[in-house]
file work08.tsv (TSV, C-alpha atoms)
chain	number	residue	atom	x	y	z
U	1	MET	CA	-12.42	33.37	-18.76
U	2	LYS	CA	-13.05	29.72	-17.88
U	3	LYS	CA	-11.49	28.42	-14.69
U	4	MET	CA	-9.12	25.48	-15.25
U	5	LYS	CA	-9.22	22.58	-12.80
U	6	PRO	CA	-5.88	21.06	-11.87
U	7	PRO	CA	-5.54	17.47	-13.04
U	8	GLU	CA	-6.66	14.75	-10.64
U	9	LYS	CA	-3.69	12.71	-9.50
U	10	LYS	CA	-4.73	9.18	-8.57
U	11	ALA	CA	-2.68	6.15	-7.60
U	12	GLY	CA	-3.61	2.50	-7.34
U	13	ILE	CA	-1.26	0.51	-5.14
U	14	TRP	CA	-1.14	-3.27	-5.39
U	15	LEU	CA	1.07	-4.72	-2.67
U	16	ASP	CA	2.02	-7.84	-0.82
U	17	GLN	CA	4.92	-8.65	1.53
U	18	GLU	CA	7.48	-8.86	-1.28
U	19	SER	CA	6.72	-6.03	-3.70
U	20	ALA	CA	4.36	-3.26	-4.72
U	21	TYR	CA	3.12	-1.79	-7.99
U	22	ILE	CA	2.24	1.89	-7.86
U	23	ILE	CA	0.04	2.87	-10.79
U	24	HIS	CA	-0.05	6.67	-11.21
U	25	LEU	CA	-3.06	7.91	-13.20
U	26	VAL	CA	-3.38	11.55	-14.27
U	27	ASN	CA	-6.49	12.41	-16.32
U	28	GLU	CA	-6.38	10.64	-19.70
U	29	ALA	CA	-2.59	10.16	-19.83
U	30	PRO	CA	-1.28	6.59	-20.00
U	31	PRO	CA	-0.60	5.10	-16.57
U	32	VAL	CA	2.90	5.29	-15.11
U	33	VAL	CA	3.84	2.13	-13.19
U	34	GLU	CA	6.57	1.87	-10.56
U	35	LYS	CA	7.63	-1.43	-9.02
U	36	LEU	CA	9.19	-1.40	-5.55
U	37	VAL	CA	10.69	-4.45	-3.88
U	38	SER	CA	10.20	-4.62	-0.11
U	39	GLY	CA	13.33	-6.38	1.07
U	40	VAL	CA	11.35	-7.94	3.93
U	41	GLU	CA	12.84	-11.30	4.95
U	42	SER	CA	10.52	-14.18	4.32
U	43	ARG	CA	10.75	-17.59	5.88
U	44	ILE	CA	13.09	-19.80	3.88
U	45	ARG	CA	13.19	-23.43	4.93
U	46	ILE	CA	16.40	-25.30	4.31
U	47	PRO	CA	15.94	-29.08	3.96
U	48	GLY	CA	17.11	-30.86	7.10
U	49	GLU	CA	17.00	-27.69	9.16
U	50	GLY	CA	16.10	-28.11	12.81
U	51	ARG	CA	14.91	-25.62	15.41
U	52	VAL	CA	17.54	-23.10	16.45
U	53	MET	CA	17.64	-22.70	20.19
U	54	ALA	CA	20.03	-22.52	23.08
U	55	ARG	CA	19.69	-23.70	26.61
U	56	PHE	CA	20.30	-21.12	29.31
U	57	GLY	CA	19.82	-22.57	32.76
U	58	GLN	CA	16.23	-23.78	32.98
U	59	SER	CA	14.99	-21.84	29.93
U	60	PHE	CA	15.39	-22.26	26.19
U	61	LEU	CA	16.09	-19.27	23.96
U	62	ASN	CA	15.40	-19.02	20.26
U	63	ASP	CA	15.77	-16.21	17.77
U	64	GLN	CA	12.10	-16.11	16.66
U	65	GLU	CA	11.38	-12.80	18.43
U	66	LYS	CA	14.45	-11.18	16.87
U	67	LYS	CA	13.34	-12.30	13.41
U	68	GLN	CA	9.82	-10.95	13.93
U	69	HIS	CA	11.15	-7.62	15.21
U	70	ARG	CA	13.54	-7.35	12.25
U	71	GLN	CA	10.72	-8.14	9.78
U	72	HIS	CA	8.48	-5.54	11.45
U	73	ASN	CA	11.18	-2.88	11.06
U	74	GLN	CA	11.80	-3.86	7.44
U	75	ARG	CA	8.05	-3.65	6.74
U	76	GLN	CA	7.83	-0.17	8.33
U	77	HIS	CA	10.77	1.01	6.20
U	78	PHE	CA	9.03	-0.36	3.08
U	79	PHE	CA	5.82	1.50	3.99
U	80	LYS	CA	7.76	4.78	4.50
U	81	THR	CA	9.34	4.34	1.06
U	82	LEU	CA	5.89	3.79	-0.46
U	83	VAL	CA	4.46	6.84	1.33
U	84	ASP	CA	7.28	8.98	-0.12
U	85	HIS	CA	6.24	7.87	-3.63
U	86	LEU	CA	2.58	8.77	-2.94
U	87	ARG	CA	2.91	12.34	-1.63
U	88	GLN	CA	1.84	14.03	-4.88
U	89	ASP	CA	-1.25	11.85	-5.38
U	90	GLU	CA	-4.67	13.09	-4.28
U	91	PHE	CA	-6.61	9.80	-4.31
U	92	LEU	CA	-5.20	6.42	-3.25
U	93	TYR	CA	-6.66	2.97	-3.88
U	94	LEU	CA	-5.03	0.07	-1.99
U	95	PHE	CA	-5.48	-3.52	-3.11
U	96	GLY	CA	-3.74	-6.86	-2.91
U	97	PRO	CA	-3.60	-10.14	-1.00
U	98	GLY	CA	-2.79	-10.35	2.69
U	99	LYS	CA	-2.53	-7.71	5.40
U	100	ALA	CA	0.17	-5.47	3.90
U	101	LYS	CA	-2.42	-3.02	2.54
U	102	GLU	CA	-3.78	-2.37	6.06
U	103	GLY	CA	-0.25	-1.70	7.28
U	104	LEU	CA	0.30	0.77	4.45
U	105	ASN	CA	-3.05	2.42	5.22
U	106	ASN	CA	-1.95	2.90	8.85
U	107	ALA	CA	1.34	4.44	7.70
U	108	ILE	CA	-0.53	6.81	5.35
U	109	GLU	CA	-2.99	7.88	8.05
U	110	LYS	CA	-0.10	8.71	10.42
U	111	GLU	CA	1.55	11.02	7.87
U	112	LYS	CA	0.72	14.71	8.00
U	113	GLY	CA	-1.06	15.86	4.87
U	114	LEU	CA	-1.85	12.37	3.61
U	115	ALA	CA	-4.60	11.33	6.02
U	116	GLY	CA	-7.97	10.86	4.32
U	117	ARG	CA	-6.60	10.23	0.82
U	118	VAL	CA	-7.29	6.48	0.79
U	119	THR	CA	-10.53	5.96	-1.12
U	120	ALA	CA	-10.82	2.17	-0.77
U	121	ILE	CA	-9.01	-0.95	0.40
U	122	GLU	CA	-9.79	-4.23	-1.38
U	123	THR	CA	-8.54	-7.78	-1.11
U	124	THR	CA	-7.54	-9.21	-4.48
U	125	ASP	CA	-5.54	-12.16	-5.72
U	126	LYS	CA	-1.92	-11.99	-6.72
U	127	LEU	CA	-1.85	-9.91	-9.91
U	128	THR	CA	0.61	-9.30	-12.72
U	129	ARG	CA	1.67	-5.77	-13.60
U	130	LYS	CA	-0.93	-5.62	-16.39
U	131	GLY	CA	-3.66	-6.98	-14.10
U	132	ALA	CA	-2.83	-4.38	-11.44
U	133	VAL	CA	-3.06	-1.56	-14.00
U	134	GLN	CA	-6.45	-2.85	-15.19
U	135	GLN	CA	-7.75	-3.17	-11.61
U	136	ALA	CA	-6.71	0.39	-10.70
U	137	ALA	CA	-8.12	1.87	-13.91
U	138	SER	CA	-11.45	0.05	-13.51
U	139	TYR	CA	-11.76	1.24	-9.89
U	140	PHE	CA	-11.06	4.90	-10.73
U	141	ASN	CA	-13.51	4.74	-13.68
U	142	GLY	CA	-16.16	2.97	-11.59
U	143	GLU	CA	-19.18	3.98	-9.55
U	144	ALA	CA	-17.55	3.45	-6.13
U	145	PHE	CA	-14.94	6.15	-6.82
U	146	ARG	CA	-17.58	8.57	-8.16
U	147	LEU	CA	-19.60	8.08	-4.96
U	148	PHE	CA	-16.51	8.64	-2.82
U	149	LYS	CA	-15.77	11.95	-4.60
U	150	LYS	CA	-19.40	13.05	-4.33
U	151	ASN	CA	-19.54	12.30	-0.57
U	152	ARG	CA	-16.18	13.98	-0.02
U	153	LYS	CA	-17.39	17.11	-1.82
U	154	LYS	CA	-20.53	17.20	0.37
U	155	ALA	CA	-18.43	16.79	3.52
U	156	LEU	CA	-16.10	19.60	2.50
U	157	LYS	CA	-19.05	21.93	1.81
U	158	ALA	CA	-20.63	21.10	5.18
U	159	ALA	CA	-17.32	21.68	7.02
U	160	GLY	CA	-16.38	24.88	5.20
call {"tool": "encode", "arguments": {"input": "work08.tsv", "output": "structure tokens"}}
result
Amino acid sequence: MKKMKPPEKKAGIWLDQESAYIIHLVNEAPPVVEKLVSGVESRIRIPGEGRVMARFGQSFLNDQEKKQHRQHNQRQHFFKTLVDHLRQDEFLYLFGPGKAKEGLNNAIEKEKGLAGRVTAIETTDKLTRKGAVQQAASYFNGEAFRLFKKNRKKALKAAG
């Protein structure tokens, strides 16, 4: 009797500060796309707005640190939400503009059972949903992913 391999569960994640597309790919099935909105405050400038600060004795106080701390916490919450959506996937490909993908990679590496699943991190332009699906599919069908799987298989044989 022939041994059946379980299907490979792969996910391509395009993300920036505002949103993320998670493209789930399982064998030859059509891709399933989820869109998550981050909820991270971005800087909105109101015309005529001045600097917000208060004078306290000899020093001036502003709320810049509070805003940065709040944004950091919102970003971490967004990454945790993304990680929860990626638990069932075996291979992860992160791409997008900016530094958000490195933050997500750090959150993934800290999670038990998920460390080592990120196959590649690439900087790309802002993409539409269709463009993100095409990027993820071309990566997982490409040579770089085949080499990653081959090297991973060798490493597992050497370790075990």
call {"tool": "atom_distance", "arguments": {"input": "work08.tsv", "atom1": "atom CA of U:Arg87", "atom2": "atom CA of U:His24"}}
result
11.5 Å
call {"tool": "residues_near_point", "arguments": {"input": "work08.tsv", "point": "(-15.0, 6.6, -11.2)", "cutoff": "12 Å", "atoms": "all atoms listed in the file", "output": "list in words"}}
result
Glu8, Lys10, Asn27, Phe91, Tyr93, Thr119, Ala136, Ala137, Ser138, Tyr139, Phe140, Asn141, Gly142, Glu143, Ala144, Phe145, Arg146, Leu147, Phe148, Lys149 and Lys150 of chain U
call {"tool": "write_last_selection", "arguments": {"input": "work08.tsv", "atoms": "C-alpha atoms", "output": "PDB file, in the coordinates of the input"}}
result
ATOM      1  CA  GLU U   8      -6.660  14.750 -10.640  1.00  0.00           C
ATOM      2  CA  LYS U  10      -4.730   9.180  -8.570  1.00  0.00           C
ATOM      3  CA  ASN U  27      -6.490  12.410 -16.320  1.00  0.00           C
ATOM      4  CA  PHE U  91      -6.610   9.800  -4.310  1.00  0.00           C
ATOM      5  CA  TYR U  93      -6.660   2.970  -3.880  1.00  0.00           C
ATOM      6  CA  THR U 119     -10.530   5.960  -1.120  1.00  0.00           C
ATOM      7  CA  ALA U 136      -6.710   0.390 -10.700  1.00  0.00           C
ATOM      8  CA  ALA U 137      -8.120   1.870 -13.910  1.00  0.00           C
ATOM      9  CA  SER U 138     -11.450   0.050 -13.510  1.00  0.00           C
ATOM     10  CA  TYR U 139     -11.760   1.240  -9.890  1.00  0.00           C
ATOM     11  CA  PHE U 140     -11.060   4.900 -10.730  1.00  0.00           C
ATOM     12  CA  ASN U 141     -13.510   4.740 -13.680  1.00  0.00           C
ATOM     13  CA  GLY U 142     -16.160   2.970 -11.590  1.00  0.00           C
ATOM     14  CA  GLU U 143     -19.180   3.980  -9.550  1.00  0.00           C
ATOM     15  CA  ALA U 144     -17.550   3.450  -6.130  1.00  0.00           C
ATOM     16  CA  PHE U 145     -14.940   6.150  -6.820  1.00  0.00           C
ATOM     17  CA  ARG U 146     -17.580   8.570  -8.160  1.00  0.00           C
ATOM     18  CA  LEU U 147     -19.600   8.080  -4.960  1.00  0.00           C
ATOM     19  CA  PHE U 148     -16.510   8.640  -2.820  1.00  0.00           C
ATOM     20  CA  LYS U 149     -15.770  11.950  -4.600  1.00  0.00           C
ATOM     21  CA  LYS U 150     -19.400  13.050  -4.330  1.00  0.00           C
TER      22      LYS U 150
END
call {"tool": "closest_residue", "arguments": {"input": "work08.tsv", "among": "U:His85, U:Arg152, U:Lys67, U:Lys112", "to": "U:Ala11", "atoms": "only C-alpha atoms"}}
result
U:His85
call {"tool": "atom_distance", "arguments": {"input": "work08.tsv", "atom1": "atom CA of U:Lys126", "atom2": "atom CA of U:Glu28"}}
result
26.5 Å
call {"tool": "atom_distance", "arguments": {"input": "work08.tsv", "atom1": "atom CA of U:Val37", "atom2": "atom CA of U:Gln17"}}
result
9.0 Å
call {"tool": "closest_residue", "arguments": {"input": "work08.tsv", "among": "U:Gly39, U:Pro31, U:Gly12, U:Pro7", "to": "U:Gln74", "atoms": "all atoms listed in the file"}}
result
U:Gly39
call {"tool": "axis_aligned_box", "arguments": {"input": "work08.tsv", "around": "stretch 22-38 of chain U", "padding_each_side": "6 Å", "output": "lines of an AutoDock Vina configuration file"}}
result
center_x = 2.1
center_y = 3.9
center_z = -10.1
size_x = 29.2
size_y = 29.0
size_z = 31.9
call {"tool": "closest_residue", "arguments": {"input": "work08.tsv", "among": "U:Phe95, U:Ala20, U:Arg129, U:Leu25", "to": "U:Val83", "atoms": "all atoms listed in the file"}}
result
U:Ala20
call {"tool": "closest_residue", "arguments": {"input": "work08.tsv", "among": "U:Leu15, U:Ile121, U:Val32, U:Ile23", "to": "U:Arg75", "atoms": "all atoms listed in the file"}}
result
U:Leu15
call {"tool": "closest_residue", "arguments": {"input": "work08.tsv", "among": "U:Ala132, U:Leu82, U:Leu92, U:Ala158", "to": "U:Gly116", "atoms": "only C-alpha atoms"}}
result
U:Leu92
call {"tool": "closest_residue", "arguments": {"input": "work08.tsv", "among": "U:Thr124, U:Gln134, U:Gln68, U:Asn73", "to": "U:Leu94", "atoms": "all atoms listed in the file"}}
result
U:Thr124
